[in-house]
Structures are given as structure tokens and as C-alpha cells.
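Worksheet for the structure shown next.
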Amino acid sequence: METKIYTKQDIPEAAAELRAGHLVSFPTETVYGLGAIVDNEAAVRQVYVAKGRPSDNPLIVTVCSPEMVWKYAVKSELAEKLMATFWPGPLTIILPLQPNTLSSVVTGGLSTAAFRMPKNDATLELIKETGTPIVGPSANTSGKPSPTKAQHVYHDLRGKIAGILDDGQTQVGLESTIIDLSVAPAAILRPGYYDADDLAPLLGTVDTAQHHVGAKETPKAPGMKYKHYAPAAQVLIVEPTKNFAEAVAKTRQHYRKPFGVLAFDEQLQMLVTSDLVTTYSLGADIQSASHQLFAGLRWFDDQPGIDLILAAGVPEKGLGIAYMNRLKKSAGGQFYEATVF
């Protein structure tokens, strides 16, 4: 299959491909998504095939208006308040479903589904032109870093999907916060741009405990069960309490092979240059780091001979919660320890 690159002017063509049952990647403010018409089971199944995604990993339903949600979900005054405040934007809301409204292929067999209205005019126009919600997992090979550019999607899914609606690099860079309103108190199942402090004025108490999903349990939201965001190289997280320059020097002294360094500008300025060390900047602060994390992990995949990446950890507060959530998953929970070398 030829994978076309669409611009905003090509939205009617991209919508026609979706209506025909084909897959089209679309931009959001967080990462690029992989779209298929939500009520076309055959098309939705192809999303799992194209990504290599486990079939018990439910899909987010992407809409262009709150009204679209109520065709499927049980109406909720609390959800309406969240939508009025945070939509369009990087917040996904899990809601109980009306009976027989969404296929189990979309929901993973659950009686709930996750809904999101992204802050991207091109995608909102695409959904409006298509006339129905579309599923919206990240448009990458399952387990790999999420795509923040159309080129990332093309790298992973070329020949597997009909097209990619290119709207440049995404602004946020980390997937949306997922809030579960099917439980009380409401629970954050995946941290993102918005944290509990942002949601509490509307929700009151917000549960932030990270639920461990068992081997036979279907996760309620993406990113809860399987390893995610991993480049080909092993990532080791350098905790913010450690001296980053010392960690790099120790690794350079004992590892004796080329390795990558993913760090903030201030940390990179402290490093002694070496042919063995390849660096990628996360920028100056947590906002830029969140924006650059996936792009950096993907960049190292294109650097020959890099089997190890030292990545800068941050304190787990505010946006740092979401950043560390993704970084820990990319590292398989492994941290740098000097004793390793």
C-alpha cells in the first residue's frame, strides 16, 4: 500500500479514505494518532495489525465535539464540566457506555470507553468531514516511542496505512492525561499535561495511585499494561539527585562503547566531549523536555552503534510526573547505578 502525505488542503481525500475503511494517521497537540472509523470493525482490527498492538489494549475514541460522545456514553454532568473546561485539549475521559453502542474491538470487551477531543484544527476538521468519531491510538509500532512528527509515523507505518495528515511537530509531546470517571473518586490512569491539581477544582478528590494491571486483566486505558516508548537501545535513568556529569564520566570510563546521553542543556554543558558520547538536548526545562522526549528517543534509534542511553530524570511533580511515567516505561524501570560499571 502506498502511504500518502496529506496537507490540510487534502482533508476531504483523507476523510474519504477513512470512510472507505482505510487507516489514516492524524496530528494532535500531543502525539500523532492512527485513525479508523470507530464503527467499522474491520478497519479497527487493522489498527491493531498495523501497530502490532495487543488486542486487549482498548482504543481511545477521538471526537470533534462533546455532542459526539453522548451517542455512545452515559451522559455525565461531571464529564460535561471537564469538557467545557479542558476540551479541546490533552485530557481523555473514561465513561460508562450505553449498551450495544461500541464494538468490543474498540473497548477491549469493557463496559467503558475513553473519549478525547484534541486541540488540533486539522484533525477536528478531518473528523467533522468524516462524519463519525475515529479511534486514536498513537501512530507508532507498538512499544516504540510515540510519534511527534509525521516523519516518525512514516518510518513506522509506511506501506501499512493509507496516509498521514501532516501538520508539523506536535506541541505537547506527551500523550494526554487519562481520567476515569467510571469510578469514585475519579482516578488518573495515565498522567499527562494536566495533573490532579488541575482537575481537583472540578472533581474534588482525585485518585493518583498507579494501578498495577495483572497479566490476565484488561487495562482500562492505553499505556497501563505493556512496555511502551522503548527505543532499540537500553535506557538507564539518571535520578535527579545524582551528579549527571559524574554518571556520564563513569559510564565513559568503563562501558568502552559508544552510548547516548539525553539531558538538559545545563547538564550537557558540564560534560567533557568524547567520541564515545552522542548527545541529544531536552532543552532548558520540563516543558521542553516533555516536548522533546519521544523525538530524542527516536533520534537515537537512527544513530548506529548506540546500545545504551543515559537519560535525565526529574522530580516527580507537576509535568514531571508525566515525563517520568513515560521515561520509566521506556527504560523498563531501570535506573543508572554506578556499581553497574
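Every chain in the C-alpha cells takes a letter, A first, then B, and so on in the order presented; its residues are numbered from 1, and the ligands are numbered from 1 following the presented order.
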>> What's around Ala184 (chain A) at 9 Å? Count only C-alpha atoms, leave out sequence neighbours fewer than 5 positions away in its own chain, and write the answer as number ranges by chain.
In response: A: 205-207
Same residues, all heavy atoms, output as an mmCIF file, in the first residue's frame:
```cif
data_model
loop_
_atom_site.group_PDB
_atom_site.id
_atom_site.type_symbol
_atom_site.label_atom_id
_atom_site.label_comp_id
_atom_site.auth_asym_id
_atom_site.auth_seq_id
_atom_site.Cartn_x
_atom_site.Cartn_y
_atom_site.Cartn_z
ATOM 1 N N THR A 205 -11.757 15.170 45.179
ATOM 2 C CA THR A 205 -10.685 14.203 45.370
ATOM 3 C C THR A 205 -10.371 13.480 44.066
ATOM 4 O O THR A 205 -11.280 13.040 43.355
ATOM 5 C CB THR A 205 -11.085 13.161 46.442
ATOM 6 O OG1 THR A 205 -11.381 13.840 47.657
ATOM 7 C CG2 THR A 205 -9.963 12.167 46.672
ATOM 8 N N VAL A 206 -9.080 13.368 43.758
ATOM 9 C CA VAL A 206 -8.630 12.647 42.564
ATOM 10 C C VAL A 206 -7.630 11.587 42.999
ATOM 11 O O VAL A 206 -6.633 11.887 43.662
ATOM 12 C CB VAL A 206 -7.977 13.599 41.544
ATOM 13 C CG1 VAL A 206 -7.480 12.816 40.333
ATOM 14 C CG2 VAL A 206 -8.955 14.686 41.108
ATOM 15 N N ASP A 207 -7.898 10.334 42.646
ATOM 16 C CA ASP A 207 -7.011 9.225 42.974
ATOM 17 C C ASP A 207 -5.858 9.208 41.976
ATOM 18 O O ASP A 207 -6.078 9.125 40.765
ATOM 19 C CB ASP A 207 -7.792 7.921 42.913
ATOM 20 C CG ASP A 207 -6.953 6.704 43.309
ATOM 21 O OD1 ASP A 207 -5.779 6.894 43.691
ATOM 22 O OD2 ASP A 207 -7.468 5.576 43.223
#
```
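Checking A:Ala289, A:Leu199, A:Val74, A:Ala263 one by one against Leu174 (chain A), counting only C-alpha atoms, you find the shortest gap at A:Ala289.
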>> Could you tell me how far CA of Pro88 (chain A) sits from CA of Asn120 (chain A), in Å to one decimal place?
In response: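 Atom-to-atom, CA of Asn120 (chain A) and CA of Pro88 (chain A) are spaced 8.0 Å apart.
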Check which residues of region 124-189 of chain A sit at most 12 Å from region 301-323 of chain A using only C-alpha atoms, and return one row each with the closest pair of atoms and their distance in Å to one decimal, ordered by chain and rising number, as CSV.
```
residue,atom,partner,partner_atom,distance
A:Lys144,CA,A:Asp301,CA,10.1
A:Pro145,CA,A:Asp301,CA,10.0
A:His152,CA,A:Asp301,CA,11.2
A:His155,CA,A:Asp302,CA,10.7
A:Asp156,CA,A:Asp301,CA,11.9
A:Val172,CA,A:Leu319,CA,10.7
A:Gly173,CA,A:Tyr323,CA,9.8
A:Leu174,CA,A:Tyr323,CA,7.5
A:Glu175,CA,A:Ala322,CA,8.7
A:Ser176,CA,A:Ala322,CA,9.3
A:Thr177,CA,A:Ala322,CA,8.3
A:Ile178,CA,A:Ala322,CA,11.0
A:Ile188,CA,A:Ala322,CA,11.0
A:Leu189,CA,A:Ala322,CA,11.1
```
Export, as a PDB file, in the first residue's frame, the selected residues with C-alpha atoms.
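Final output, out_15.pdb:
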```pdb
ATOM      1  CA  LYS A 144       8.180   2.125  20.405  1.00  0.00           C
ATOM      2  CA  PRO A 145       8.402   5.849  21.260  1.00  0.00           C
ATOM      3  CA  HIS A 152       8.040   9.299  12.697  1.00  0.00           C
ATOM      4  CA  HIS A 155       9.111   5.484   9.464  1.00  0.00           C
ATOM      5  CA  ASP A 156       6.981   3.005  11.439  1.00  0.00           C
ATOM      6  CA  VAL A 172       2.922  18.992  23.947  1.00  0.00           C
ATOM      7  CA  GLY A 173       4.844  15.838  23.059  1.00  0.00           C
ATOM      8  CA  LEU A 174       3.427  13.524  25.751  1.00  0.00           C
ATOM      9  CA  GLU A 175       0.103  11.732  25.445  1.00  0.00           C
ATOM     10  CA  SER A 176      -2.999  13.122  27.121  1.00  0.00           C
ATOM     11  CA  THR A 177      -3.903  12.715  30.773  1.00  0.00           C
ATOM     12  CA  ILE A 178      -6.491   9.935  31.175  1.00  0.00           C
ATOM     13  CA  ILE A 188      -5.904   9.391  36.839  1.00  0.00           C
ATOM     14  CA  LEU A 189      -4.922   6.242  34.948  1.00  0.00           C
TER      15      LEU A 189
END
```
> Which residues in region 16-234 of chain A does DSSP call strand (DSSP E)? List them as an NGL selection string.
Replying inline: :A and (24-26 or 33-37 or 60-62 or 91-96 or 112-116 or 134-135 or 163-165 or 177-180 or 186-190 or 206-207 or 234)
>> Can you tell me which residues surround Gln253 (chain A) at a distance of at most 12 Å, considering only C-alpha atoms, apart from same-chain residues fewer than 3 positions away, and format the answer as a list in words?
In response: Glu246, Ala247, Val248, Ala249, Lys250, Arg256, Lys257, Pro258, Phe259, Val272, Ser274, Leu276, Val277, Ala338 and Phe341 of chain A
Selected residues written out with C-alpha atoms, as a PDB file, in the first residue's frame:
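This is the output file selection-v2.pdb:
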```pdb
ATOM      1  CA  GLU A 246      29.787  12.023  37.017  1.00  0.00           C
ATOM      2  CA  ALA A 247      27.384   9.353  35.764  1.00  0.00           C
ATOM      3  CA  VAL A 248      28.400  10.053  32.161  1.00  0.00           C
ATOM      4  CA  ALA A 249      32.111  10.091  33.042  1.00  0.00           C
ATOM      5  CA  LYS A 250      31.820   6.804  34.944  1.00  0.00           C
ATOM      6  CA  ARG A 256      34.081   1.463  26.429  1.00  0.00           C
ATOM      7  CA  LYS A 257      31.467   1.580  23.677  1.00  0.00           C
ATOM      8  CA  PRO A 258      29.510   4.458  22.114  1.00  0.00           C
ATOM      9  CA  PHE A 259      26.442   5.476  24.127  1.00  0.00           C
ATOM     10  CA  VAL A 272      33.589  16.520  28.725  1.00  0.00           C
ATOM     11  CA  SER A 274      34.164  12.410  23.744  1.00  0.00           C
ATOM     12  CA  LEU A 276      32.078   7.745  22.587  1.00  0.00           C
ATOM     13  CA  VAL A 277      29.257  10.065  23.699  1.00  0.00           C
ATOM     14  CA  ALA A 338      27.497   3.420  39.433  1.00  0.00           C
ATOM     15  CA  PHE A 341      30.199  -0.179  35.870  1.00  0.00           C
TER      16      PHE A 341
END
```
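Between CA of Ser103 (chain A) and CA of Gly35 (chain A) the interatomic distance comes to 15.6 Å.
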> Using the chain letters and numbers from this document, which residues of region 158-341 of chain A does DSSP assign to alpha helix (DSSP H), as a PyMOL selection string?
Replying inline: chain A and resi 196-203+244-255+265-269+286-301+319-330
Selected residues written out with N, CA and C atoms, as a compact mmCIF listing (two decimals), in the first residue's frame:
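Resulting contents of selection-v9.txt:
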```
# COMPACT_ATOMS: atom_id res chain seq x y z
N ALA A 196 -3.44 16.24 38.91
CA ALA A 196 -4.55 16.22 39.87
C ALA A 196 -4.90 17.62 40.35
N ASP A 197 -3.90 18.48 40.50
CA ASP A 197 -4.17 19.85 40.94
C ASP A 197 -5.01 20.62 39.94
N ASP A 198 -4.84 20.33 38.66
CA ASP A 198 -5.64 20.99 37.63
C ASP A 198 -7.09 20.52 37.66
N LEU A 199 -7.29 19.23 37.95
CA LEU A 199 -8.62 18.62 37.86
C LEU A 199 -9.42 18.71 39.15
N ALA A 200 -8.73 18.81 40.27
CA ALA A 200 -9.39 18.78 41.58
C ALA A 200 -10.45 19.87 41.78
N PRO A 201 -10.26 21.10 41.26
CA PRO A 201 -11.31 22.11 41.46
C PRO A 201 -12.68 21.69 40.92
N LEU A 202 -12.69 20.83 39.90
CA LEU A 202 -13.95 20.33 39.35
C LEU A 202 -14.34 18.97 39.91
N LEU A 203 -13.34 18.15 40.23
CA LEU A 203 -13.61 16.76 40.61
C LEU A 203 -13.57 16.52 42.12
N PHE A 244 24.92 14.24 37.23
CA PHE A 244 24.76 13.69 35.88
C PHE A 244 26.12 13.58 35.17
N ALA A 245 26.96 14.61 35.31
CA ALA A 245 28.27 14.58 34.65
C ALA A 245 29.12 13.42 35.16
N GLU A 246 29.04 13.15 36.45
CA GLU A 246 29.79 12.02 37.02
C GLU A 246 29.28 10.70 36.46
N ALA A 247 27.95 10.59 36.31
CA ALA A 247 27.38 9.35 35.76
C ALA A 247 27.87 9.12 34.34
N VAL A 248 27.92 10.18 33.54
CA VAL A 248 28.40 10.05 32.16
C VAL A 248 29.89 9.70 32.14
N ALA A 249 30.67 10.37 33.00
CA ALA A 249 32.11 10.09 33.04
C ALA A 249 32.38 8.65 33.47
N LYS A 250 31.65 8.18 34.46
CA LYS A 250 31.82 6.80 34.94
C LYS A 250 31.47 5.80 33.84
N THR A 251 30.40 6.09 33.13
CA THR A 251 29.99 5.21 32.04
C THR A 251 31.04 5.21 30.92
N ARG A 252 31.53 6.41 30.58
CA ARG A 252 32.53 6.51 29.51
C ARG A 252 33.81 5.75 29.89
N GLN A 253 34.15 5.77 31.16
CA GLN A 253 35.37 5.13 31.62
C GLN A 253 35.28 3.61 31.55
N HIS A 254 34.11 3.06 31.83
CA HIS A 254 34.00 1.60 31.97
C HIS A 254 33.20 0.91 30.86
N TYR A 255 32.31 1.64 30.20
CA TYR A 255 31.47 0.99 29.19
C TYR A 255 32.27 0.70 27.91
N ASP A 265 20.07 21.13 28.72
CA ASP A 265 21.18 21.96 28.24
C ASP A 265 22.23 22.18 29.33
N GLU A 266 21.76 22.49 30.53
CA GLU A 266 22.68 22.77 31.63
C GLU A 266 23.55 21.56 31.95
N GLN A 267 22.97 20.37 31.86
CA GLN A 267 23.74 19.14 32.12
C GLN A 267 24.73 18.87 31.00
N LEU A 268 24.29 19.10 29.76
CA LEU A 268 25.16 18.85 28.62
C LEU A 268 26.38 19.77 28.62
N GLN A 269 26.21 20.99 29.11
CA GLN A 269 27.31 21.95 29.15
C GLN A 269 28.41 21.51 30.13
N ILE A 286 11.31 21.50 32.04
CA ILE A 286 10.46 20.32 31.93
C ILE A 286 9.47 20.43 30.77
N GLN A 287 9.05 21.66 30.43
CA GLN A 287 8.15 21.82 29.28
C GLN A 287 8.83 21.38 27.99
N SER A 288 10.06 21.85 27.78
CA SER A 288 10.78 21.46 26.57
C SER A 288 11.16 19.98 26.62
N ALA A 289 11.49 19.49 27.81
CA ALA A 289 11.86 18.08 27.94
C ALA A 289 10.69 17.16 27.57
N SER A 290 9.50 17.51 28.01
CA SER A 290 8.31 16.73 27.67
C SER A 290 8.05 16.76 26.17
N HIS A 291 8.33 17.92 25.58
CA HIS A 291 8.14 18.09 24.15
C HIS A 291 9.15 17.27 23.35
N GLN A 292 10.38 17.14 23.88
CA GLN A 292 11.47 16.52 23.13
C GLN A 292 11.72 15.05 23.46
N LEU A 293 11.12 14.53 24.51
CA LEU A 293 11.47 13.19 24.98
C LEU A 293 11.34 12.13 23.90
N PHE A 294 10.15 11.99 23.30
CA PHE A 294 9.95 10.95 22.30
C PHE A 294 10.80 11.18 21.06
N ALA A 295 10.93 12.44 20.65
CA ALA A 295 11.77 12.74 19.48
C ALA A 295 13.21 12.33 19.74
N GLY A 296 13.68 12.59 20.97
CA GLY A 296 15.05 12.20 21.31
C GLY A 296 15.25 10.70 21.32
N LEU A 297 14.32 9.97 21.91
CA LEU A 297 14.43 8.51 21.94
C LEU A 297 14.43 7.95 20.52
N ARG A 298 13.58 8.50 19.66
CA ARG A 298 13.55 8.05 18.27
C ARG A 298 14.84 8.41 17.53
N TRP A 299 15.39 9.59 17.83
CA TRP A 299 16.62 10.03 17.15
C TRP A 299 17.75 9.04 17.42
N PHE A 300 17.84 8.53 18.63
CA PHE A 300 18.90 7.59 18.95
C PHE A 300 18.74 6.27 18.19
N ASP A 301 17.52 5.93 17.81
CA ASP A 301 17.33 4.72 17.01
C ASP A 301 18.03 4.82 15.66
N LEU A 319 4.33 18.55 35.71
CA LEU A 319 4.53 17.86 34.44
C LEU A 319 5.61 16.78 34.54
N GLY A 320 6.47 16.89 35.57
CA GLY A 320 7.49 15.87 35.79
C GLY A 320 6.91 14.49 36.07
N ILE A 321 5.68 14.43 36.58
CA ILE A 321 5.02 13.13 36.82
C ILE A 321 4.82 12.40 35.50
N ALA A 322 4.30 13.12 34.50
CA ALA A 322 4.04 12.52 33.19
C ALA A 322 5.35 12.18 32.49
N TYR A 323 6.32 13.09 32.56
CA TYR A 323 7.63 12.85 31.93
C TYR A 323 8.26 11.57 32.48
N MET A 324 8.27 11.44 33.81
CA MET A 324 8.89 10.27 34.42
C MET A 324 8.09 9.00 34.16
N ASN A 325 6.78 9.11 34.07
CA ASN A 325 5.95 7.95 33.73
C ASN A 325 6.39 7.37 32.38
N ARG A 326 6.57 8.23 31.37
CA ARG A 326 6.97 7.76 30.04
C ARG A 326 8.42 7.28 30.05
N LEU A 327 9.29 8.01 30.75
CA LEU A 327 10.71 7.64 30.76
C LEU A 327 10.93 6.30 31.46
N LYS A 328 10.21 6.07 32.56
CA LYS A 328 10.34 4.78 33.27
C LYS A 328 9.89 3.63 32.37
N LYS A 329 8.81 3.85 31.61
CA LYS A 329 8.35 2.79 30.71
C LYS A 329 9.35 2.54 29.59
N SER A 330 9.97 3.61 29.07
CA SER A 330 10.95 3.44 28.00
C SER A 330 12.18 2.70 28.50
```
>> Nearest residue to Thr141 (chain A) out of A:Ala73, A:Leu34, A:Ile179, A:Ala114, using only C-alpha atoms?
In response: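 The answer is A:Leu34, which sits nearest to Thr141 (chain A).
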> Which value, in Å to one decimal, gives the distance between CA of Ile60 (chain A) and CA of Thr7 (chain A)?
Replying inline: 23.7 Å
Using only C-alpha atoms, tabulate the residues of region 62-130 of chain A lying at most 10 Å from any atom of region 51-55 of chain A, each with its closest atom pair and that distance in Å to one decimal, by chain and increasing residue number, as a tab-separated table.
```
residue	atom	partner	partner_atom	distance
A:Ser104	CA	A:Ser55	CA	9.9
A:Val105	CA	A:Ser55	CA	7.5
A:Val106	CA	A:Ser55	CA	9.1
A:Thr107	CA	A:Ser55	CA	9.6
A:Gly108	CA	A:Ser55	CA	6.8
A:Gly109	CA	A:Ser55	CA	9.8
```
For region 46-106 of chain A against region 23-26 of chain A, with a cut-off of 10 Å and counting only C-alpha atoms, what is the closest atom pair and its distance in Å to one decimal for every residue that makes the cut, ordered by chain and number, as a Markdown table?
```
| residue | atom | partner | partner_atom | distance |
| --- | --- | --- | --- | --- |
| A:Gln46 | CA | A:Leu23 | CA | 7.8 |
| A:Val47 | CA | A:Leu23 | CA | 7.2 |
| A:Ala50 | CA | A:Leu23 | CA | 9.0 |
```
Write the residues you've just listed into a file as a PDB file, in the first residue's frame, and include all heavy atoms for each of them.
```
ATOM      1  N   GLN A  46      -7.633  -3.572  11.813  1.00  0.00           N
ATOM      2  CA  GLN A  46      -6.404  -3.284  11.073  1.00  0.00           C
ATOM      3  C   GLN A  46      -5.482  -2.337  11.843  1.00  0.00           C
ATOM      4  O   GLN A  46      -4.271  -2.349  11.638  1.00  0.00           O
ATOM      5  CB  GLN A  46      -6.754  -2.689   9.697  1.00  0.00           C
ATOM      6  CG  GLN A  46      -7.232  -3.703   8.682  1.00  0.00           C
ATOM      7  CD  GLN A  46      -6.242  -4.850   8.504  1.00  0.00           C
ATOM      8  OE1 GLN A  46      -5.058  -4.640   8.223  1.00  0.00           O
ATOM      9  NE2 GLN A  46      -6.716  -6.078   8.683  1.00  0.00           N
ATOM     10  N   VAL A  47      -6.051  -1.523  12.740  1.00  0.00           N
ATOM     11  CA  VAL A  47      -5.232  -0.665  13.592  1.00  0.00           C
ATOM     12  C   VAL A  47      -4.326  -1.535  14.467  1.00  0.00           C
ATOM     13  O   VAL A  47      -3.124  -1.284  14.599  1.00  0.00           O
ATOM     14  CB  VAL A  47      -6.106   0.251  14.462  1.00  0.00           C
ATOM     15  CG1 VAL A  47      -5.274   0.948  15.537  1.00  0.00           C
ATOM     16  CG2 VAL A  47      -6.823   1.280  13.600  1.00  0.00           C
ATOM     17  N   ALA A  50      -1.638  -3.135  12.131  1.00  0.00           N
ATOM     18  CA  ALA A  50      -0.619  -2.186  11.661  1.00  0.00           C
ATOM     19  C   ALA A  50       0.370  -1.836  12.761  1.00  0.00           C
ATOM     20  O   ALA A  50       1.577  -1.719  12.526  1.00  0.00           O
ATOM     21  CB  ALA A  50      -1.296  -0.921  11.123  1.00  0.00           C
TER      22      ALA A  50
END
```
